[in-house]
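J.: Got a file for you: run.cif, mmCIF, C-alpha atoms.
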```
data_my_file
#
loop_
_atom_site.group_PDB
_atom_site.id
_atom_site.type_symbol
_atom_site.label_atom_id
_atom_site.label_comp_id
_atom_site.auth_asym_id
_atom_site.auth_seq_id
_atom_site.Cartn_x
_atom_site.Cartn_y
_atom_site.Cartn_z
ATOM 1 C CA THR A 1 42.042 -4.740 -9.055
ATOM 2 C CA ASN A 2 40.727 -4.298 -5.543
ATOM 3 C CA ILE A 3 38.799 -7.271 -4.054
ATOM 4 C CA ASP A 4 35.855 -4.952 -3.153
ATOM 5 C CA ASP A 5 35.539 -3.885 -6.802
ATOM 6 C CA ILE A 6 35.292 -7.523 -7.872
ATOM 7 C CA LYS A 7 32.515 -8.221 -5.344
ATOM 8 C CA ILE A 8 30.461 -5.246 -6.558
ATOM 9 C CA GLU A 9 30.907 -6.225 -10.215
ATOM 10 C CA VAL A 10 29.851 -9.829 -9.576
ATOM 11 C CA LEU A 11 26.783 -8.769 -7.560
ATOM 12 C CA GLU A 12 25.662 -6.397 -10.296
ATOM 13 C CA THR A 13 26.287 -8.944 -13.048
ATOM 14 C CA PHE A 14 24.387 -11.792 -11.401
ATOM 15 C CA SER A 15 21.703 -9.863 -9.535
ATOM 16 C CA ALA A 16 18.184 -10.959 -10.467
ATOM 17 C CA THR A 17 16.552 -7.966 -8.762
ATOM 18 C CA LYS A 18 15.439 -5.050 -10.902
ATOM 19 C CA ILE A 19 14.950 -1.805 -8.969
ATOM 20 C CA TYR A 20 12.648 1.035 -10.041
ATOM 21 C CA SER A 21 12.305 4.459 -8.404
ATOM 22 C CA ILE A 22 9.203 6.531 -7.594
ATOM 23 C CA ALA A 23 9.985 10.233 -7.222
ATOM 24 C CA ASN A 24 6.596 11.938 -7.696
ATOM 25 C CA ALA A 25 2.840 11.428 -8.142
ATOM 26 C CA THR A 26 3.187 10.673 -11.859
ATOM 27 C CA ASP A 27 5.705 7.897 -11.130
ATOM 28 C CA LEU A 28 3.399 6.456 -8.462
ATOM 29 C CA GLN A 29 0.450 6.488 -10.871
ATOM 30 C CA SER A 30 2.522 4.726 -13.510
ATOM 31 C CA PHE A 31 3.509 2.073 -10.969
ATOM 32 C CA MET A 32 -0.130 1.579 -9.925
ATOM 33 C CA MET A 33 -1.227 1.090 -13.535
ATOM 34 C CA TRP A 34 1.418 -1.588 -14.153
ATOM 35 C CA ALA A 35 1.744 -3.137 -10.664
ATOM 36 C CA ASP A 36 0.207 -6.465 -11.675
ATOM 37 C CA GLU A 37 3.010 -6.905 -14.253
ATOM 38 C CA TYR A 38 5.817 -6.764 -11.651
ATOM 39 C CA THR A 39 7.434 -10.059 -10.638
ATOM 40 C CA GLU A 40 8.768 -11.253 -7.286
ATOM 41 C CA GLU A 41 12.277 -10.238 -8.400
ATOM 42 C CA GLU A 42 11.348 -6.599 -8.966
ATOM 43 C CA GLU A 43 11.589 -3.862 -6.355
ATOM 44 C CA VAL A 44 10.133 -0.363 -6.365
ATOM 45 C CA VAL A 45 11.581 2.283 -4.016
ATOM 46 C CA PHE A 46 10.467 5.780 -3.052
ATOM 47 C CA ALA A 47 12.998 8.561 -3.659
ATOM 48 C CA ASN A 48 11.143 11.046 -1.405
ATOM 49 C CA ASN A 49 7.677 11.858 -0.009
ATOM 50 C CA ILE A 50 4.927 11.649 -2.632
ATOM 51 C CA ASP A 51 2.406 14.513 -2.623
ATOM 52 C CA LEU A 52 -0.953 13.561 -4.161
ATOM 53 C CA LYS A 53 -2.682 16.931 -3.694
ATOM 54 C CA ASP A 54 -5.162 17.432 -6.571
ATOM 55 C CA TYR A 55 -4.158 14.036 -7.985
ATOM 56 C CA LYS A 56 -6.515 11.074 -8.456
ATOM 57 C CA LEU A 57 -4.636 7.826 -7.945
ATOM 58 C CA THR A 58 -5.731 4.614 -9.665
ATOM 59 C CA THR A 59 -5.772 1.491 -7.482
ATOM 60 C CA ALA A 60 -3.443 -1.373 -8.426
ATOM 61 C CA THR A 61 -5.191 -4.692 -9.071
ATOM 62 C CA SER A 62 -2.402 -6.866 -7.642
ATOM 63 C CA PHE A 63 1.314 -6.716 -6.829
ATOM 64 C CA LYS A 64 3.870 -9.524 -6.348
ATOM 65 C CA GLY A 65 7.113 -7.545 -6.046
ATOM 66 C CA THR A 66 8.520 -5.396 -3.241
ATOM 67 C CA LEU A 67 7.601 -1.760 -2.628
ATOM 68 C CA ASP A 68 10.085 -0.159 -0.205
ATOM 69 C CA ALA A 69 9.157 3.429 0.627
ATOM 70 C CA LYS A 70 12.390 3.870 2.625
ATOM 71 C CA GLY A 71 10.430 5.657 5.394
ATOM 72 C CA TYR A 72 8.892 8.230 3.054
ATOM 73 C CA SER A 73 5.194 9.173 3.098
ATOM 74 C CA ILE A 74 2.231 9.470 0.815
ATOM 75 C CA GLU A 75 0.769 12.910 1.546
ATOM 76 C CA ASN A 76 -2.501 14.722 0.729
ATOM 77 C CA TRP A 77 -4.189 11.646 -0.749
ATOM 78 C CA ALA A 78 -7.940 12.209 -1.128
ATOM 79 C CA ASN A 79 -8.703 8.512 -0.839
ATOM 80 C CA ASN A 80 -12.300 7.817 -1.825
ATOM 81 C CA GLY A 81 -12.775 4.104 -1.271
ATOM 82 C CA GLN A 82 -9.366 3.239 -2.681
ATOM 83 C CA TRP A 83 -6.681 0.947 -1.358
ATOM 84 C CA LEU A 84 -3.173 0.976 -2.791
ATOM 85 C CA VAL A 85 -3.398 -2.645 -3.974
ATOM 86 C CA LYS A 86 -6.550 -4.731 -4.234
ATOM 87 C CA GLU A 87 -4.675 -8.042 -3.738
ATOM 88 C CA LEU A 88 -1.171 -7.828 -2.262
ATOM 89 C CA LYS A 89 0.872 -10.961 -2.972
ATOM 90 C CA GLY A 90 4.258 -9.278 -2.474
ATOM 91 C CA THR A 91 5.663 -6.849 0.095
ATOM 92 C CA ILE A 92 5.034 -3.240 1.055
ATOM 93 C CA LYS A 93 7.511 -1.951 3.614
ATOM 94 C CA ASN A 94 8.569 1.263 5.345
ATOM 95 C CA LEU A 95 5.638 3.276 3.952
ATOM 96 C CA LYS A 96 3.883 6.011 5.904
ATOM 97 C CA ILE A 97 0.433 7.382 5.162
ATOM 98 C CA ALA A 98 0.480 11.014 6.346
ATOM 99 C CA SER A 99 -2.199 12.602 8.526
ATOM 100 C CA SER A 100 -2.888 14.982 5.604
ATOM 101 C CA CYS A 101 -4.589 12.103 3.752
ATOM 102 C CA ALA A 102 -8.405 11.958 3.818
ATOM 103 C CA VAL A 103 -9.456 8.306 3.871
ATOM 104 C CA THR A 104 -13.044 7.259 3.117
ATOM 105 C CA PRO A 105 -13.570 3.484 2.826
ATOM 106 C CA ALA A 106 -15.703 1.886 0.150
ATOM 107 C CA ILE A 107 -18.885 0.419 1.617
ATOM 108 C CA ASN A 108 -19.890 -3.253 1.488
ATOM 109 C CA THR A 109 -16.355 -4.478 0.793
ATOM 110 C CA ASP A 110 -13.134 -5.391 2.578
ATOM 111 C CA PHE A 111 -11.186 -2.175 3.047
ATOM 112 C CA GLY A 112 -7.685 -1.310 4.174
ATOM 113 C CA ILE A 113 -5.543 1.593 2.975
ATOM 114 C CA PHE A 114 -2.684 -0.693 1.952
ATOM 115 C CA ALA A 115 -4.716 -3.614 0.547
ATOM 116 C CA SER A 116 -8.202 -5.023 0.332
ATOM 117 C CA TYR A 117 -6.759 -8.542 0.623
ATOM 118 C CA LEU A 118 -3.329 -9.589 1.914
ATOM 119 C CA ALA A 119 -2.624 -12.978 0.318
ATOM 120 C CA PRO A 120 -0.699 -15.746 2.143
ATOM 121 C CA THR A 121 2.514 -14.641 0.368
ATOM 122 C CA GLY A 122 1.837 -10.950 1.114
ATOM 123 C CA GLN A 123 3.659 -8.881 3.711
ATOM 124 C CA ILE A 124 3.311 -5.400 5.149
ATOM 125 C CA LEU A 125 6.404 -4.555 7.177
ATOM 126 C CA GLY A 126 7.371 -1.487 9.203
ATOM 127 C CA CYS A 127 4.539 0.673 7.846
ATOM 128 C CA GLU A 128 2.598 3.443 9.578
ATOM 129 C CA ASN A 129 -0.806 5.022 9.089
ATOM 130 C CA ASN A 130 -1.398 8.519 10.484
ATOM 131 C CA ALA A 131 -4.587 9.312 8.539
ATOM 132 C CA ASP A 132 -8.050 9.194 10.040
ATOM 133 C CA ILE A 133 -10.545 6.862 8.364
ATOM 134 C CA THR A 134 -14.128 8.114 8.263
ATOM 135 C CA LEU A 135 -17.181 6.421 6.776
ATOM 136 C CA GLU A 136 -20.405 8.439 6.565
ATOM 137 C CA THR A 137 -23.266 6.516 4.988
ATOM 138 C CA ALA A 138 -27.026 6.240 5.278
ATOM 139 C CA SER A 139 -26.965 2.454 4.890
ATOM 140 C CA HIS A 140 -24.278 -0.156 5.447
ATOM 141 C CA ASP A 141 -24.724 -3.878 4.766
ATOM 142 C CA GLY A 142 -21.578 -5.270 6.389
ATOM 143 C CA SER A 143 -17.897 -5.612 5.586
ATOM 144 C CA ARG A 144 -14.401 -5.308 7.081
ATOM 145 C CA PHE A 145 -12.574 -2.012 7.717
ATOM 146 C CA SER A 146 -9.074 -1.330 9.003
ATOM 147 C CA ALA A 147 -6.118 0.948 8.494
ATOM 148 C CA PHE A 148 -3.970 -1.651 6.723
ATOM 149 C CA VAL A 149 -5.940 -4.554 5.174
ATOM 150 C CA GLY A 150 -9.578 -5.598 4.955
ATOM 151 C CA LYS A 151 -8.914 -9.321 4.882
ATOM 152 C CA ASN A 152 -5.604 -10.767 6.068
ATOM 153 C CA ASP A 153 -4.066 -14.138 5.225
ATOM 154 C CA GLY A 154 -0.479 -12.806 5.116
ATOM 155 C CA LEU A 155 2.053 -11.216 7.487
ATOM 156 C CA ILE A 156 1.778 -7.768 9.063
ATOM 157 C CA LYS A 157 4.791 -6.961 11.236
ATOM 158 C CA ASP A 158 6.103 -3.876 13.045
ATOM 159 C CA CYS A 159 3.232 -1.695 11.771
ATOM 160 C CA VAL A 160 1.310 0.956 13.693
ATOM 161 C CA ASN A 161 -1.973 2.782 13.188
ATOM 162 C CA ASN A 162 -2.096 6.280 14.692
ATOM 163 C CA GLY A 163 -5.295 7.298 12.886
ATOM 164 C CA ASN A 164 -8.854 7.177 14.200
ATOM 165 C CA ILE A 165 -11.479 4.955 12.606
ATOM 166 C CA THR A 166 -15.005 6.413 12.622
ATOM 167 C CA ILE A 167 -18.106 4.862 11.092
ATOM 168 C CA ASN A 168 -21.335 6.871 11.165
ATOM 169 C CA THR A 169 -24.314 5.048 9.698
ATOM 170 C CA GLN A 170 -28.056 5.388 10.160
ATOM 171 C CA LYS A 171 -28.959 1.842 9.133
ATOM 172 C CA ARG A 172 -26.791 -1.258 9.353
ATOM 173 C CA SER A 173 -27.440 -4.886 8.529
ATOM 174 C CA GLY A 174 -24.954 -7.745 8.500
ATOM 175 C CA ASN A 175 -21.713 -7.899 10.436
ATOM 176 C CA VAL A 176 -19.221 -5.054 10.490
ATOM 177 C CA TYR A 177 -15.646 -5.928 11.472
ATOM 178 C CA ILE A 178 -13.361 -3.065 12.472
ATOM 179 C CA GLY A 179 -9.656 -3.356 13.199
ATOM 180 C CA GLY A 180 -6.857 -0.892 13.853
ATOM 181 C CA VAL A 181 -4.460 -2.819 11.621
ATOM 182 C CA ALA A 182 -6.354 -5.748 10.026
#
```
Would you mind writing the structure in this file as structure tokens?

T.:
Amino acid sequence: TNIDDIKIEVLETFSATKIYSIANATDLQSFMMWADEYTEEEEVVFANNIDLKDYKLTTATSFKGTLDAKGYSIENWANNGQWLVKELKGTIKNLKIASSCAVTPAINTDFGIFASYLAPTGQILGCENNADITLETASHDGSRFSAFVGKNDGLIKDCVNNGNITINTQKRSGNVYIGGVA
């Protein structure tokens, strides 16, 4: 028996991490529906770019595991006031939001494409937004808008926003906080 074979066998036998793969829009939707059931020891990885053209994605309530997109993108997402995760307690890394996505924030709430709220244990690492964010509304009573998270108590590192943020409103009351990342 080769020593390298023994190392691989031991790592697989004693590994606590469970890894799941997302290969298409249906897989991503399934993940979103069950995201709050994932534990810190579970990891979800993208197998390729995910095209959401003509697909309505359900927002995840919370997520504690790790989502590693491996540098792949979400494309053609018609985002109507949706974030990927409402409360991110785990990690999202290496995910790109393509410029083909149409992002419209929800009004009167904390809004970011990746999460509404990044908890103290939450992390967004090495991610990129290329989509423009546009809010058109007659009335706006205050909230937070950004490309990544609406309210941040966690860690955002090595992330970049290449999209424009535009808010057109006729009437505004309350404070409006706008950030490129958080």

J.: Apply the PyMOL selection byres ((chain A and resi 72) around 12) to the file shown and report the selected residues as a list in words.

T.: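 When the PyMOL selection byres ((chain A and resi 72) around 12) is applied, the selected residues are Ile22, Ala23, Asn24, Val45, Phe46, Ala47, Asn48, Asn49, Ile50, Asp51, Leu67, Asp68, Ala69, Lys70, Gly71, Ser73, Ile74, Glu75, Lys93, Asn94, Leu95, Lys96, Ile97, Ala98, Gly126, Cys127, Glu128 and Asn129 of chain A.
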
J.: Quote the spacing between atom CA of Ser30 of chain A and atom CA of Lys56 of chain A in Å to one decimal place.

T.: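 One can read the atom CA of Ser30 of chain A to atom CA of Lys56 of chain A distance as 12.1 Å.
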
J.: Restricting the calculation to all atoms listed in the file, which member of A:Ala35, A:Cys101, A:Val44, A:Ile167 is positioned closest to Tyr20 of chain A?

T.: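 Looking at the shortest contact to Tyr20 of chain A, the residue is A:Val44.
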
J.: Identify all residues satisfying the PyMOL selection byres ((chain A and resi 114) around 10) in the given file; provide them as an NGL selection string.

T.: :A and (82-88 or 92 or 95 or 97 or 111-113 or 115-118 or 124 or 127 or 129 or 146-150)

J.: The selected residues should be written to file as a compact mmCIF listing (two decimals), in the frame of the given file (atoms: C-alpha atoms).

T.:
```txt
# COMPACT_ATOMS: atom_id res chain seq x y z
CA GLN A 82 -9.37 3.24 -2.68
CA TRP A 83 -6.68 0.95 -1.36
CA LEU A 84 -3.17 0.98 -2.79
CA VAL A 85 -3.40 -2.64 -3.97
CA LYS A 86 -6.55 -4.73 -4.23
CA GLU A 87 -4.68 -8.04 -3.74
CA LEU A 88 -1.17 -7.83 -2.26
CA ILE A 92 5.03 -3.24 1.06
CA LEU A 95 5.64 3.28 3.95
CA ILE A 97 0.43 7.38 5.16
CA PHE A 111 -11.19 -2.17 3.05
CA GLY A 112 -7.68 -1.31 4.17
CA ILE A 113 -5.54 1.59 2.98
CA ALA A 115 -4.72 -3.61 0.55
CA SER A 116 -8.20 -5.02 0.33
CA TYR A 117 -6.76 -8.54 0.62
CA LEU A 118 -3.33 -9.59 1.91
CA ILE A 124 3.31 -5.40 5.15
CA CYS A 127 4.54 0.67 7.85
CA ASN A 129 -0.81 5.02 9.09
CA SER A 146 -9.07 -1.33 9.00
CA ALA A 147 -6.12 0.95 8.49
CA PHE A 148 -3.97 -1.65 6.72
CA VAL A 149 -5.94 -4.55 5.17
CA GLY A 150 -9.58 -5.60 4.96
```

J.: To one decimal place, how far is atom CA of Gly122 of chain A from atom CA of Leu28 of chain A in Å?

T.: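 Computing the Euclidean distance for atom CA of Gly122 of chain A and atom CA of Leu28 of chain A yields 19.9 Å.
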
J.: Can you pull out the residues contacting Leu135 of chain A? Cut-off 12 Å, using only C-alpha atoms, and skip same-chain residues under 3 positions away; I want them as an mmCIF file with C-alpha atoms, in the coordinates of the input.

T.:
```
data_model
loop_
_atom_site.group_PDB
_atom_site.id
_atom_site.type_symbol
_atom_site.label_atom_id
_atom_site.label_comp_id
_atom_site.auth_asym_id
_atom_site.auth_seq_id
_atom_site.Cartn_x
_atom_site.Cartn_y
_atom_site.Cartn_z
ATOM 1 C CA ASN A 79 -8.703 8.512 -0.839
ATOM 2 C CA ASN A 80 -12.300 7.817 -1.825
ATOM 3 C CA GLY A 81 -12.775 4.104 -1.271
ATOM 4 C CA ALA A 102 -8.405 11.958 3.818
ATOM 5 C CA VAL A 103 -9.456 8.306 3.871
ATOM 6 C CA THR A 104 -13.044 7.259 3.117
ATOM 7 C CA PRO A 105 -13.570 3.484 2.826
ATOM 8 C CA ALA A 106 -15.703 1.886 0.150
ATOM 9 C CA ILE A 107 -18.885 0.419 1.617
ATOM 10 C CA ASN A 108 -19.890 -3.253 1.488
ATOM 11 C CA PHE A 111 -11.186 -2.175 3.047
ATOM 12 C CA ASP A 132 -8.050 9.194 10.040
ATOM 13 C CA ALA A 138 -27.026 6.240 5.278
ATOM 14 C CA SER A 139 -26.965 2.454 4.890
ATOM 15 C CA HIS A 140 -24.278 -0.156 5.447
ATOM 16 C CA PHE A 145 -12.574 -2.012 7.717
ATOM 17 C CA SER A 146 -9.074 -1.330 9.003
ATOM 18 C CA ASN A 164 -8.854 7.177 14.200
ATOM 19 C CA ILE A 165 -11.479 4.955 12.606
ATOM 20 C CA THR A 166 -15.005 6.413 12.622
ATOM 21 C CA ILE A 167 -18.106 4.862 11.092
ATOM 22 C CA ASN A 168 -21.335 6.871 11.165
ATOM 23 C CA THR A 169 -24.314 5.048 9.698
ATOM 24 C CA GLN A 170 -28.056 5.388 10.160
ATOM 25 C CA ILE A 178 -13.361 -3.065 12.472
#
```

J.: Which distance in Å separates atom CA of Gly163 of chain A and atom CA of Val181 of chain A, to one decimal?

T.: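 A separation of 10.2 Å between them.
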
J.: Looking at only C-alpha atoms, which of A:Met32, A:Ala131, A:Ala119, A:Val160 is the one that sits closest to Asn76 of chain A?

T.: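 Closest candidate: A:Ala131.
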
J.: With the file shown as input, list the residues that the PyMOL selection byres ((chain A and resi 38) around 7) selects, as a ChimeraX atom specification.

T.: /A:35-37,39-40,42,63-65

J.: Using 8 Å of padding on each side, determine the axis-aligned box around all atoms of segment 98-114 of chain A present in the file and give its centre and edge lengths in Å to one decimal, as JSON.

T.:
```
{"center_x": -9.7, "center_y": 4.8, "center_z": 4.3, "size_x": 36.4, "size_y": 36.4, "size_z": 24.4}
```

J.: Please complete segment 49-74 of chain A with N, CA, C and O atoms and give it back as a short mmCIF file (atom, residue, chain, number, x, y, z; two decimals), in the frame of the given file.

T.:
```cif
data_model
loop_
_atom_site.label_atom_id
_atom_site.label_comp_id
_atom_site.auth_asym_id
_atom_site.auth_seq_id
_atom_site.Cartn_x
_atom_site.Cartn_y
_atom_site.Cartn_z
N ASN A 49 9.11 11.84 -0.29
CA ASN A 49 7.68 11.86 -0.01
C ASN A 49 6.92 12.10 -1.32
O ASN A 49 7.40 12.85 -2.19
N ILE A 50 5.74 11.49 -1.42
CA ILE A 50 4.93 11.65 -2.63
C ILE A 50 3.67 12.45 -2.28
O ILE A 50 2.87 12.03 -1.46
N ASP A 51 3.54 13.62 -2.88
CA ASP A 51 2.41 14.51 -2.62
C ASP A 51 1.33 14.27 -3.69
O ASP A 51 1.57 14.47 -4.88
N LEU A 52 0.15 13.86 -3.24
CA LEU A 52 -0.95 13.56 -4.16
C LEU A 52 -2.03 14.65 -4.15
O LEU A 52 -3.16 14.39 -4.58
N LYS A 53 -1.70 15.84 -3.70
CA LYS A 53 -2.68 16.93 -3.69
C LYS A 53 -3.17 17.17 -5.12
O LYS A 53 -2.39 17.29 -6.06
N ASP A 54 -4.51 17.22 -5.27
CA ASP A 54 -5.16 17.43 -6.57
C ASP A 54 -4.82 16.34 -7.58
O ASP A 54 -4.83 16.57 -8.79
N TYR A 55 -4.53 15.14 -7.10
CA TYR A 55 -4.16 14.04 -7.98
C TYR A 55 -5.03 12.83 -7.66
O TYR A 55 -5.13 12.42 -6.51
N LYS A 56 -5.68 12.26 -8.66
CA LYS A 56 -6.52 11.07 -8.46
C LYS A 56 -5.68 9.84 -8.78
O LYS A 56 -5.23 9.65 -9.91
N LEU A 57 -5.46 9.02 -7.80
CA LEU A 57 -4.64 7.83 -7.94
C LEU A 57 -5.49 6.62 -8.31
O LEU A 57 -6.55 6.40 -7.73
N THR A 58 -5.06 5.84 -9.28
CA THR A 58 -5.73 4.61 -9.66
C THR A 58 -5.23 3.47 -8.79
O THR A 58 -4.04 3.34 -8.56
N THR A 59 -6.14 2.63 -8.31
CA THR A 59 -5.77 1.49 -7.48
C THR A 59 -5.11 0.41 -8.32
O THR A 59 -5.55 0.13 -9.43
N ALA A 60 -4.08 -0.23 -7.76
CA ALA A 60 -3.44 -1.37 -8.43
C ALA A 60 -4.29 -2.62 -8.19
O ALA A 60 -4.81 -2.82 -7.09
N THR A 61 -4.41 -3.46 -9.20
CA THR A 61 -5.19 -4.69 -9.07
C THR A 61 -4.48 -5.70 -8.18
O THR A 61 -5.06 -6.25 -7.26
N SER A 62 -3.20 -5.95 -8.46
CA SER A 62 -2.40 -6.87 -7.64
C SER A 62 -0.93 -6.48 -7.75
O SER A 62 -0.54 -5.72 -8.64
N PHE A 63 -0.12 -7.01 -6.82
CA PHE A 63 1.31 -6.72 -6.83
C PHE A 63 2.05 -7.86 -6.17
O PHE A 63 1.70 -8.28 -5.07
N LYS A 64 3.09 -8.40 -6.85
CA LYS A 64 3.87 -9.52 -6.35
C LYS A 64 5.29 -9.14 -5.95
O LYS A 64 5.99 -9.92 -5.33
N GLY A 65 5.74 -7.96 -6.32
CA GLY A 65 7.11 -7.54 -6.05
C GLY A 65 7.27 -6.95 -4.65
O GLY A 65 6.50 -7.26 -3.74
N THR A 66 8.27 -6.09 -4.50
CA THR A 66 8.52 -5.40 -3.24
C THR A 66 8.45 -3.90 -3.47
O THR A 66 9.09 -3.37 -4.37
N LEU A 67 7.66 -3.22 -2.64
CA LEU A 67 7.60 -1.76 -2.63
C LEU A 67 8.22 -1.31 -1.32
O LEU A 67 7.69 -1.59 -0.24
N ASP A 68 9.38 -0.67 -1.39
CA ASP A 68 10.09 -0.16 -0.20
C ASP A 68 10.07 1.36 -0.26
O ASP A 68 10.77 1.96 -1.07
N ALA A 69 9.28 1.97 0.62
CA ALA A 69 9.16 3.43 0.63
C ALA A 69 10.32 4.10 1.35
O ALA A 69 10.39 5.33 1.38
N LYS A 70 11.19 3.33 1.96
CA LYS A 70 12.39 3.87 2.62
C LYS A 70 12.05 4.87 3.72
O LYS A 70 12.81 5.77 4.01
N GLY A 71 10.85 4.75 4.33
CA GLY A 71 10.43 5.66 5.39
C GLY A 71 9.74 6.92 4.91
O GLY A 71 9.34 7.76 5.70
N TYR A 72 9.57 7.06 3.62
CA TYR A 72 8.89 8.23 3.05
C TYR A 72 7.38 8.05 3.15
O TYR A 72 6.88 6.96 3.40
N SER A 73 6.65 9.15 2.92
CA SER A 73 5.19 9.17 3.10
C SER A 73 4.45 9.45 1.81
O SER A 73 4.98 10.09 0.90
N ILE A 74 3.21 8.99 1.79
CA ILE A 74 2.23 9.47 0.82
C ILE A 74 1.47 10.57 1.54
O ILE A 74 0.97 10.36 2.64
#
```
